[in-house]
>>> print(open('upload_26.txt').read())   # compact mmCIF, C-alpha atoms
# COMPACT_ATOMS: atom_id res chain seq x y z
CA MET A 1 120.73 -109.80 -33.22
CA LEU A 2 120.99 -111.37 -29.78
CA THR A 3 124.34 -112.23 -28.29
CA GLY A 4 124.02 -115.54 -26.51
CA SER A 5 121.81 -117.40 -28.96
CA ARG A 6 122.63 -118.92 -32.29
CA ASN A 7 118.99 -119.71 -33.00
CA GLN A 8 118.59 -116.65 -35.13
CA PHE A 9 116.32 -116.64 -38.12
CA VAL A 10 115.79 -114.17 -40.93
CA ILE A 11 112.36 -114.43 -42.48
CA THR A 12 112.10 -112.81 -45.86
CA LYS A 13 109.35 -112.16 -48.36
CA ASN A 14 109.65 -114.10 -51.59
CA LYS A 15 108.83 -111.53 -54.25
CA THR A 16 107.61 -114.23 -56.62
CA THR A 17 105.23 -116.07 -54.32
CA GLN A 18 104.55 -113.12 -51.99
CA LYS A 19 105.03 -115.55 -49.12
CA TYR A 20 107.72 -115.72 -46.44
CA TRP A 21 110.61 -118.17 -46.22
CA CYS A 22 112.87 -118.90 -43.30
CA GLY A 23 116.61 -118.41 -43.56
CA ALA A 24 119.68 -118.22 -41.38
CA ARG A 25 123.29 -117.21 -41.74
CA TYR A 26 124.35 -120.81 -41.28
CA ASN A 27 125.42 -122.98 -44.19
CA PRO A 28 124.25 -126.54 -43.40
CA LYS A 29 126.49 -128.09 -46.07
CA THR A 30 129.77 -126.54 -45.02
CA GLU A 31 128.57 -126.34 -41.41
CA LYS A 32 129.94 -122.83 -41.17
CA TRP A 33 128.44 -119.55 -40.06
CA SER A 34 128.66 -116.38 -42.06
CA ASP A 35 131.14 -113.88 -40.73
CA LEU A 36 129.55 -111.49 -38.29
CA LYS A 37 130.71 -107.89 -38.08
CA ASN A 38 129.58 -104.90 -36.17
CA SER A 39 128.03 -103.31 -39.22
CA PRO A 40 125.58 -105.10 -41.53
CA GLN A 41 127.33 -103.45 -44.47
CA GLU A 42 130.51 -105.39 -43.61
CA CYS A 43 128.80 -108.75 -43.08
CA SER A 44 128.36 -111.47 -45.62
CA GLN A 45 124.84 -111.26 -47.02
CA SER A 46 124.67 -115.02 -47.64
CA MET A 47 121.57 -116.70 -46.35
CA TRP A 48 120.49 -120.34 -46.43
CA HIS A 49 117.04 -121.89 -46.23
CA VAL A 50 116.55 -123.59 -42.86
CA ASP A 51 113.70 -125.28 -41.03
CA TRP A 52 111.30 -122.96 -39.20
CA PRO A 53 111.67 -122.54 -35.42
CA PRO A 54 109.86 -125.44 -33.74
CA VAL A 55 107.88 -123.11 -31.48
CA GLY A 56 105.01 -121.69 -33.50
CA GLY A 57 104.51 -124.80 -35.59
CA GLY A 58 107.86 -125.59 -37.17
CA GLY A 59 108.04 -126.69 -40.78
CA ASP A 60 110.80 -127.69 -43.15
CA LYS A 61 112.96 -125.33 -45.12
CA GLU A 62 110.71 -125.55 -48.17
CA LEU A 63 107.73 -124.13 -46.28
CA GLU A 64 106.58 -120.63 -47.13
CA LEU A 65 103.99 -118.81 -45.03
CA THR A 66 101.34 -116.25 -45.86
CA GLU A 67 101.19 -112.97 -43.96
CA ASN A 68 98.38 -114.25 -41.74
CA GLU A 69 100.25 -117.47 -40.97
CA LEU A 70 103.43 -115.55 -40.16
CA PHE A 71 101.53 -113.13 -37.96
CA ASP A 72 100.10 -116.03 -35.95
CA ARG A 73 103.67 -117.22 -35.39
CA LEU A 74 104.80 -113.74 -34.36
CA ILE A 75 102.13 -113.82 -31.68
CA GLU A 76 103.35 -117.24 -30.56
CA TRP A 77 107.01 -116.18 -30.51
CA ASP A 78 106.14 -113.04 -28.58
CA GLU A 79 104.36 -115.19 -25.99
CA HIS A 80 107.55 -117.24 -25.70
CA ASN A 81 109.57 -114.07 -25.08
CA TYR A 82 111.58 -114.45 -28.25
CA LEU A 83 113.50 -111.39 -29.39
CA LEU A 84 111.83 -110.04 -32.52
CA GLY A 85 112.77 -107.41 -35.03
CA ALA A 86 111.92 -106.32 -38.53
CA ALA A 87 113.65 -104.51 -41.36
CA ALA A 88 111.92 -101.90 -43.45
CA GLY A 89 112.15 -102.00 -47.21
CA GLY A 90 113.87 -99.37 -49.31
CA THR A 91 117.48 -98.62 -50.05
CA SER A 92 118.65 -95.86 -47.74
CA ASP A 93 118.00 -95.04 -44.11
CA LYS A 94 118.32 -91.38 -45.04
CA GLN A 95 114.83 -91.63 -46.47
CA SER A 96 111.53 -92.66 -44.95
CA THR A 97 108.14 -93.84 -46.16
CA ASP A 98 105.05 -92.71 -44.25
CA GLY A 99 107.21 -92.15 -41.17
CA ILE A 100 108.96 -95.52 -41.31
CA VAL A 101 112.71 -95.17 -41.92
CA ASP A 102 113.71 -97.05 -45.06
CA ASN A 103 116.24 -99.90 -44.96
CA HIS A 104 116.29 -99.77 -41.16
CA ALA A 105 115.76 -102.35 -38.43
CA TYR A 106 113.03 -101.89 -35.81
CA SER A 107 112.33 -103.86 -32.63
CA ILE A 108 109.00 -105.63 -32.28
CA ILE A 109 108.07 -105.08 -28.67
CA ASP A 110 104.49 -106.21 -28.25
CA SER A 111 101.65 -107.82 -30.14
CA ARG A 112 97.89 -107.63 -29.72
CA GLN A 113 95.09 -109.40 -31.53
CA ASN A 114 91.52 -108.37 -32.25
CA ILE A 115 91.67 -105.05 -30.43
CA CYS A 116 88.34 -104.42 -28.66
CA GLY A 117 86.70 -106.98 -30.89
CA THR A 118 87.36 -104.97 -34.04
CA GLY A 119 89.29 -107.73 -35.73
CA ILE A 120 92.31 -105.42 -35.95
CA ASP A 121 95.68 -106.89 -35.00
CA LEU A 122 98.50 -104.62 -33.87
CA LEU A 123 102.24 -104.76 -33.33
CA LEU A 124 104.19 -102.28 -31.22
CA ILE A 125 107.43 -101.46 -33.00
CA ARG A 126 110.30 -99.26 -31.94
CA ASN A 127 112.84 -97.36 -33.95
CA PRO A 128 116.16 -97.70 -32.08
CA TRP A 129 116.86 -94.08 -32.99
CA GLY A 130 114.02 -93.08 -30.66
CA GLU A 131 114.87 -90.35 -28.21
CA GLY A 132 114.45 -90.60 -24.49
CA GLY A 133 117.50 -92.64 -23.62
CA GLU A 134 118.45 -96.15 -24.56
CA LEU A 135 118.74 -97.20 -20.92
CA LYS A 136 115.22 -96.14 -20.08
CA ASN A 137 113.72 -97.83 -23.09
CA GLY A 138 115.98 -100.80 -22.64
CA MET A 139 114.49 -101.17 -19.18
CA ILE A 140 111.01 -101.04 -20.63
CA ILE A 141 111.78 -103.92 -22.92
CA TYR A 142 113.54 -105.91 -20.22
CA LEU A 143 110.81 -105.46 -17.65
CA GLY A 144 108.30 -106.51 -20.25
CA CYS A 145 110.14 -109.80 -20.49
CA LEU A 146 110.38 -110.27 -16.77
CA ASN A 147 106.72 -110.04 -16.05
CA ASN A 148 104.16 -110.87 -18.68
CA SER A 149 101.40 -109.49 -16.51
CA LEU A 150 102.71 -105.97 -16.99
CA THR A 151 101.86 -104.14 -20.15
CA HIS A 152 104.20 -101.65 -21.69
CA THR A 153 101.74 -98.92 -20.89
CA ASN A 154 101.93 -99.42 -17.15
CA ILE A 155 105.63 -100.24 -17.20
CA ARG A 156 106.28 -96.90 -18.77
CA VAL A 157 104.44 -95.23 -15.93
CA LEU A 158 106.73 -96.99 -13.48
CA VAL A 159 110.07 -95.97 -14.95
CA MET B 1 107.31 -84.80 -25.30
CA GLU B 2 110.20 -87.02 -26.38
CA ASP B 3 109.82 -89.23 -29.41
CA ASP B 4 110.74 -92.64 -28.04
CA GLY B 5 110.48 -94.19 -31.48
CA MET B 6 107.60 -96.47 -30.57
CA CYS B 7 104.37 -96.78 -32.48
CA TRP B 8 101.61 -99.30 -33.06
CA VAL B 9 101.09 -100.56 -36.57
CA THR B 10 98.34 -102.76 -37.91
CA LYS B 11 99.13 -106.17 -39.34
CA LYS B 12 98.48 -104.81 -42.83
CA GLU B 13 100.83 -101.85 -42.31
CA PHE B 14 103.51 -104.05 -40.79
CA PHE B 15 103.69 -106.34 -43.79
CA GLN B 16 103.44 -103.38 -46.16
CA TYR B 17 106.57 -101.71 -44.76
CA PHE B 18 108.60 -104.61 -43.35
CA PRO B 19 109.55 -107.38 -45.79
CA THR B 20 112.04 -108.95 -43.37
CA VAL B 21 111.51 -110.30 -39.86
CA TYR B 22 114.26 -111.28 -37.42
CA VAL B 23 113.69 -113.92 -34.77
CA GLY B 24 116.05 -114.65 -31.91
CA ALA B 25 114.57 -117.96 -30.76
CA LEU B 26 115.59 -117.73 -27.14
CA ASP B 27 113.21 -117.22 -24.24
CA MET B 28 114.72 -114.02 -22.88
CA THR B 29 113.42 -114.71 -19.40
CA ARG B 30 116.21 -117.32 -19.24
CA LEU B 31 118.66 -114.44 -18.99
CA LYS B 32 117.40 -113.56 -15.51
CA ASP B 33 118.22 -117.08 -14.31
CA GLY B 34 121.38 -116.81 -12.26
CA ASN B 35 122.45 -120.24 -13.48
CA TYR B 36 122.00 -119.43 -17.15
CA VAL B 37 125.01 -120.42 -19.19
CA ASN B 38 125.51 -119.29 -22.73
CA ASP B 39 125.49 -122.75 -24.31
CA LEU B 40 125.48 -121.53 -27.93
CA GLU B 41 123.57 -124.57 -29.06
CA ASP B 42 121.27 -124.29 -32.03
CA HIS B 43 118.43 -126.10 -33.75
CA PHE B 44 119.87 -126.14 -37.25
CA GLN B 45 120.13 -129.37 -39.15
CA ARG B 46 123.62 -130.33 -40.22
CA GLY B 47 124.11 -131.44 -43.81
CA SER B 48 126.96 -133.83 -44.34
CA LYS B 49 129.56 -132.89 -46.92
CA THR B 50 127.92 -135.49 -49.17
CA GLY B 51 124.68 -133.58 -49.03
CA ALA B 52 122.56 -135.71 -46.72
CA ALA B 53 121.21 -133.78 -43.76
CA SER B 54 122.05 -135.11 -40.36
CA PRO B 55 121.69 -133.51 -36.96
CA LYS B 56 124.85 -132.55 -35.12
CA ALA B 57 125.29 -134.84 -32.19
CA GLY B 58 123.65 -133.40 -29.13
CA ALA B 59 122.95 -130.06 -30.77
CA PRO B 60 119.19 -129.83 -31.22
CA SER B 61 117.82 -128.94 -27.83
CA LEU B 62 114.33 -129.86 -29.08
CA LYS B 63 115.15 -133.40 -30.14
CA VAL B 64 112.09 -135.55 -29.89
CA ASP B 65 111.35 -138.25 -27.40
CA LYS B 66 111.42 -141.73 -28.94
CA LYS B 67 108.56 -143.03 -26.83
CA GLY B 68 105.77 -141.93 -29.16
CA PRO B 69 102.92 -139.48 -28.70
CA ILE B 70 101.93 -138.34 -25.24
CA ARG B 71 98.35 -139.28 -24.46
CA VAL B 72 96.24 -136.25 -23.64
CA ASP B 73 92.88 -137.02 -22.09
CA LYS B 74 90.41 -134.60 -23.67
CA SER B 75 87.27 -136.45 -22.60
CA SER B 76 84.37 -134.70 -20.93
CA ASP B 77 83.25 -135.73 -17.47
CA PRO B 78 79.70 -137.09 -18.02
CA SER B 79 78.66 -135.94 -14.56
CA SER B 80 79.80 -132.37 -15.19
CA PRO B 81 77.48 -129.68 -16.56
CA TYR B 82 80.39 -128.72 -18.83
CA LYS B 83 81.56 -130.51 -21.92
CA ILE B 84 84.86 -130.11 -23.75
CA VAL B 85 84.90 -128.94 -27.36
CA GLU B 86 88.05 -129.41 -29.41
CA THR B 87 89.07 -126.99 -32.16
CA SER B 88 92.04 -127.09 -34.49
CA PHE B 89 93.54 -123.68 -35.26
CA ASN B 90 96.79 -121.97 -36.21
CA GLY B 91 97.50 -119.70 -33.25
CA GLY B 92 95.39 -116.60 -33.76
CA LEU B 93 92.39 -116.27 -31.45
CA ALA B 94 89.38 -113.96 -31.63
CA PHE B 95 88.27 -112.39 -28.32
CA TRP B 96 87.24 -109.14 -26.66
CA LYS B 97 89.31 -109.55 -23.51
CA MET B 98 91.50 -112.39 -22.37
CA ASN B 99 92.81 -113.29 -18.94
CA LYS B 100 95.31 -116.05 -19.44
CA LYS B 101 98.21 -117.91 -17.87
CA VAL B 102 101.07 -119.25 -19.97
CA VAL B 103 102.60 -122.34 -18.35
CA LYS B 104 106.05 -123.56 -19.35
CA GLY B 105 108.00 -126.64 -18.37
CA THR B 106 104.96 -128.66 -17.27
CA SER B 107 103.48 -131.53 -19.25
CA ILE B 108 100.62 -130.51 -21.51
CA ALA B 109 98.81 -133.65 -20.37
CA GLU B 110 98.91 -132.31 -16.81
CA GLY B 111 97.72 -128.94 -17.99
CA VAL B 112 94.74 -130.48 -19.75
CA ASN B 113 93.95 -132.48 -16.63
CA GLU B 114 93.97 -129.27 -14.60
CA PHE B 115 91.72 -127.66 -17.19
CA ARG B 116 89.27 -130.58 -17.16
CA ALA B 117 89.16 -130.65 -13.37
CA ASN B 118 88.40 -126.93 -13.05
CA PRO B 119 85.82 -126.00 -15.69
CA GLN B 120 84.47 -123.18 -13.55
CA THR B 121 87.90 -121.60 -13.38
CA TYR B 122 89.20 -122.20 -16.88
CA MET B 123 87.32 -121.47 -20.04
CA ALA B 124 89.92 -122.87 -22.42
CA ILE B 125 93.40 -124.26 -22.91
CA HIS B 126 95.52 -124.26 -26.04
CA TYR B 127 98.81 -125.81 -27.05
CA GLN B 128 100.95 -126.67 -30.05
CA ASP B 129 100.09 -130.14 -31.36
CA ASN B 130 103.56 -131.45 -32.16
CA MET B 131 104.69 -130.90 -28.57
CA VAL B 132 102.60 -133.99 -27.70
CA THR B 133 102.60 -135.87 -31.01
CA ASP B 134 106.36 -135.85 -31.66
CA PRO B 135 106.64 -135.52 -28.60
CA TRP B 136 108.88 -132.78 -27.20
CA PRO B 137 110.61 -133.17 -23.84
CA VAL B 138 108.27 -132.10 -21.05
CA GLU B 139 110.60 -129.29 -19.98
CA LYS B 140 109.96 -127.70 -23.37
CA HIS B 141 106.16 -127.92 -23.15
CA THR B 142 104.16 -124.73 -23.14
CA TYR B 143 100.43 -124.26 -22.90
CA THR B 144 98.04 -121.43 -22.20
CA LEU B 145 95.14 -121.61 -19.78
CA VAL B 146 92.35 -119.06 -20.31
CA TYR B 147 90.42 -118.00 -17.20
CA ARG B 148 86.68 -117.45 -17.24
CA ASP B 149 87.10 -114.38 -15.05
CA GLY B 150 88.37 -111.54 -17.16
CA THR B 151 87.80 -113.20 -20.51
CA GLU B 152 85.08 -112.04 -22.87
CA GLY B 153 84.07 -112.82 -26.41
CA LEU B 154 86.32 -115.81 -27.05
CA ASP B 155 85.07 -117.19 -30.35
CA PRO B 156 86.70 -120.52 -31.25
CA GLN B 157 84.57 -121.03 -34.36
CA SER B 158 86.06 -117.98 -36.06
CA VAL B 159 89.58 -119.43 -35.97
CA VAL B 160 88.89 -123.03 -36.98
CA ALA B 161 91.54 -124.31 -39.39
CA LYS B 162 91.51 -127.70 -40.99
CA ASN B 163 94.75 -129.44 -40.02
CA GLY B 164 95.77 -126.49 -37.84
CA LYS B 165 98.98 -126.72 -35.86
CA LYS B 166 97.41 -125.98 -32.48
CA THR B 167 94.60 -127.42 -30.40
CA LEU B 168 92.11 -125.29 -28.52
CA LEU B 169 89.95 -127.01 -25.92
CA THR B 170 87.02 -125.03 -24.60
CA SER B 171 84.78 -125.93 -21.72
CA VAL B 172 81.15 -125.07 -22.47
CA LEU B 173 77.89 -125.66 -20.64
CA ARG B 174 75.95 -128.60 -22.03
>>> encode(input="upload_26.txt", output="structure tokens")
Amino acid sequence: MLTGSRNQFVITKNKTTQKYWCGARYNPKTEKWSDLKNSPQECSQSMWHVDWPPVGGGGDKELELTENELFDRLIEWDEHNYLLGAAAGGTSDKQSTDGIVDNHAYSIIDSRQNICGTGIDLLLIRNPWGEGGELKNGMIIYLGCLNNSLTHTNIRVLV
Amino acid sequence: MEDDGMCWVTKKEFFQYFPTVYVGALDMTRLKDGNYVNDLEDHFQRGSKTGAASPKAGAPSLKVDKKGPIRVDKSSDPSSPYKIVETSFNGGLAFWKMNKKVVKGTSIAEGVNEFRANPQTYMAIHYQDNMVTDPWPVEKHTYTLVYRDGTEGLDPQSVVAKNGKKTLLTSVLR
């Protein structure tokens, strides 16, 4: 996902427990990485359980988190300017569910908790197919990282 | 108007539609550092061919300090009209508005000292427990100071978690 860092984690829902486990494309026994290709269809789909990222609370590879626990960590990772994304369920990106493209990766750009005291927590996600120019939106994301005091709303006014 | 592909989703909607989350555990602000070098280190534990896990020499950039826990002075100043209340939680906070400062690369113990010394400026401070209990190298410490000005409705009691992974210290009038 991010060239320049090997600390990449894939967190997946366990359909049996309905909780989330932490994986990576690194095999700790053979000490080898899965082959990486330009297209996910050409990559190895192998995934191994690994310890959770230390920031956010850590935890060993056996740990599974509830949605609320994972959301708390998303907030923490966002505060640490980690690069976050998410993949929608489904089988084909030619279909969508309630406006979300199936089997498609989105960026997670921002996170907010308890909006106006309502108890509602929100995430700002972005479909990379969005129109308006990758450069412009790329700048939005980058500026957001450079200065935490700026919100995406006012950054977008600037560009 | 162009569709830039962005939208807000609630926590419930997010987990309904997205069963997989990707995390690139790198502080992206490092990329603006002119001296940044792509070191390609990682945190993953190495398992020996015989099956026993062992860390790769020099690889984990978050290897712990051997000196034992860092002492954090959370005591209240008896002469101050404010007292410090400690809460264990897991990261989520309840508030109306929050004006905060995230500090990185400075000892959490120093941050707590600053918080204790300036109760009229700071309403709260929070940090991840194992950064001081393991402890992590100071350059990896991160904590968040919450200002009184611009913060409303912070409710520590609503996020209390037994054996939580974070500590929230709030400064309240006696």
>>> residues_around(input="upload_26.txt", residues="Tyr143 of chain B", least_positions_apart="4", cutoff="7 Å", atoms="all atoms listed in the file", output="number ranges by chain")
B: 102-104, 108, 126-127
>>> write_last_selection(input="upload_26.txt", atoms="C-alpha atoms", output="mmCIF file, keeping the file's coordinate frame")
data_model
loop_
_atom_site.group_PDB
_atom_site.id
_atom_site.type_symbol
_atom_site.label_atom_id
_atom_site.label_comp_id
_atom_site.auth_asym_id
_atom_site.auth_seq_id
_atom_site.Cartn_x
_atom_site.Cartn_y
_atom_site.Cartn_z
ATOM 1 C CA VAL B 102 101.070 -119.250 -19.970
ATOM 2 C CA VAL B 103 102.600 -122.340 -18.350
ATOM 3 C CA LYS B 104 106.050 -123.560 -19.350
ATOM 4 C CA ILE B 108 100.620 -130.510 -21.510
ATOM 5 C CA HIS B 126 95.520 -124.260 -26.040
ATOM 6 C CA TYR B 127 98.810 -125.810 -27.050
#
>>> atom_distance(input="upload_26.txt", atom1="atom CA of Ser44 of chain A", atom2="atom CA of Leu26 of chain B")
23.3 Å
>>> atom_distance(input="upload_26.txt", atom1="atom CA of Leu168 of chain B", atom2="atom CA of Ala124 of chain B")
6.9 Å
>>> atom_distance(input="upload_26.txt", atom1="atom CA of Arg71 of chain B", atom2="atom CA of Lys165 of chain B")
17.0 Å
>>> residues_around(input="upload_26.txt", residues="Phe9 of chain A", least_positions_apart="2", cutoff="7 Å", atoms="all atoms listed in the file", output="list of chain:residue names")
A:Asn7, A:Ile11, A:Cys22, A:Gly23, A:Ala24, B:Tyr22, B:Val23, B:Gly24
>>> write_last_selection(input="upload_26.txt", atoms="C-alpha atoms", output="mmCIF file, keeping the file's coordinate frame")
data_model
loop_
_atom_site.group_PDB
_atom_site.id
_atom_site.type_symbol
_atom_site.label_atom_id
_atom_site.label_comp_id
_atom_site.auth_asym_id
_atom_site.auth_seq_id
_atom_site.Cartn_x
_atom_site.Cartn_y
_atom_site.Cartn_z
ATOM 1 C CA ASN A 7 118.990 -119.710 -33.000
ATOM 2 C CA ILE A 11 112.360 -114.430 -42.480
ATOM 3 C CA CYS A 22 112.870 -118.900 -43.300
ATOM 4 C CA GLY A 23 116.610 -118.410 -43.560
ATOM 5 C CA ALA A 24 119.680 -118.220 -41.380
ATOM 6 C CA TYR B 22 114.260 -111.280 -37.420
ATOM 7 C CA VAL B 23 113.690 -113.920 -34.770
ATOM 8 C CA GLY B 24 116.050 -114.650 -31.910
#
>>> residues_near_point(input="upload_26.txt", point="(106.7, -95.8, -44.9)", cutoff="9 Å", atoms="all atoms listed in the file", output="list in words")
Ala88, Gly89, Ser96, Thr97, Asp98, Gly99, Ile100, Val101 and Asp102 of chain A; Glu13, Gln16 and Tyr17 of chain B
>>> write_last_selection(input="upload_26.txt", atoms="C-alpha atoms", output="PDB file, keeping the file's coordinate frame")
ATOM      1  CA  ALA A  88     111.920-101.900 -43.450  1.00  0.00           C
ATOM      2  CA  GLY A  89     112.150-102.000 -47.210  1.00  0.00           C
ATOM      3  CA  SER A  96     111.530 -92.660 -44.950  1.00  0.00           C
ATOM      4  CA  THR A  97     108.140 -93.840 -46.160  1.00  0.00           C
ATOM      5  CA  ASP A  98     105.050 -92.710 -44.250  1.00  0.00           C
ATOM      6  CA  GLY A  99     107.210 -92.150 -41.170  1.00  0.00           C
ATOM      7  CA  ILE A 100     108.960 -95.520 -41.310  1.00  0.00           C
ATOM      8  CA  VAL A 101     112.710 -95.170 -41.920  1.00  0.00           C
ATOM      9  CA  ASP A 102     113.710 -97.050 -45.060  1.00  0.00           C
TER      10      ASP A 102
ATOM     11  CA  GLU B  13     100.830-101.850 -42.310  1.00  0.00           C
ATOM     12  CA  GLN B  16     103.440-103.380 -46.160  1.00  0.00           C
ATOM     13  CA  TYR B  17     106.570-101.710 -44.760  1.00  0.00           C
TER      14      TYR B  17
END
>>> axis_aligned_box(input="upload_26.txt", around="segment 99-104 of chain B", padding_each_side="6 Å", output="AutoDock Vina command-line options")
--center_x 99.4 --center_y -118.4 --center_z -18.9 --size_x 25.2 --size_y 22.3 --size_z 14.1
>>> closest_residue(input="upload_26.txt", among="A:Asp72, A:Asp93, A:Asp110, A:Asp60", to="chain B", atoms="all atoms listed in the file")
A:Asp72
>>> residues_near_point(input="upload_26.txt", point="(100.8, -108.3, -38.4)", cutoff="12 Å", atoms="all atoms listed in the file", output="PyMOL selection string")
(chain A and resi 66-75+86+108+110-114+119-125) or (chain B and resi 8-19+21+92)
>>> closest_residue(input="upload_26.txt", among="A:Pro128, A:Asn14, A:Thr91, A:Gly117", to="Asp155 of chain B", atoms="only C-alpha atoms")
A:Gly117
>>> closest_residue(input="upload_26.txt", among="B:Thr151, B:Thr121, B:Ser75, B:Ser80", to="chain A", atoms="all atoms listed in the file")
B:Thr151
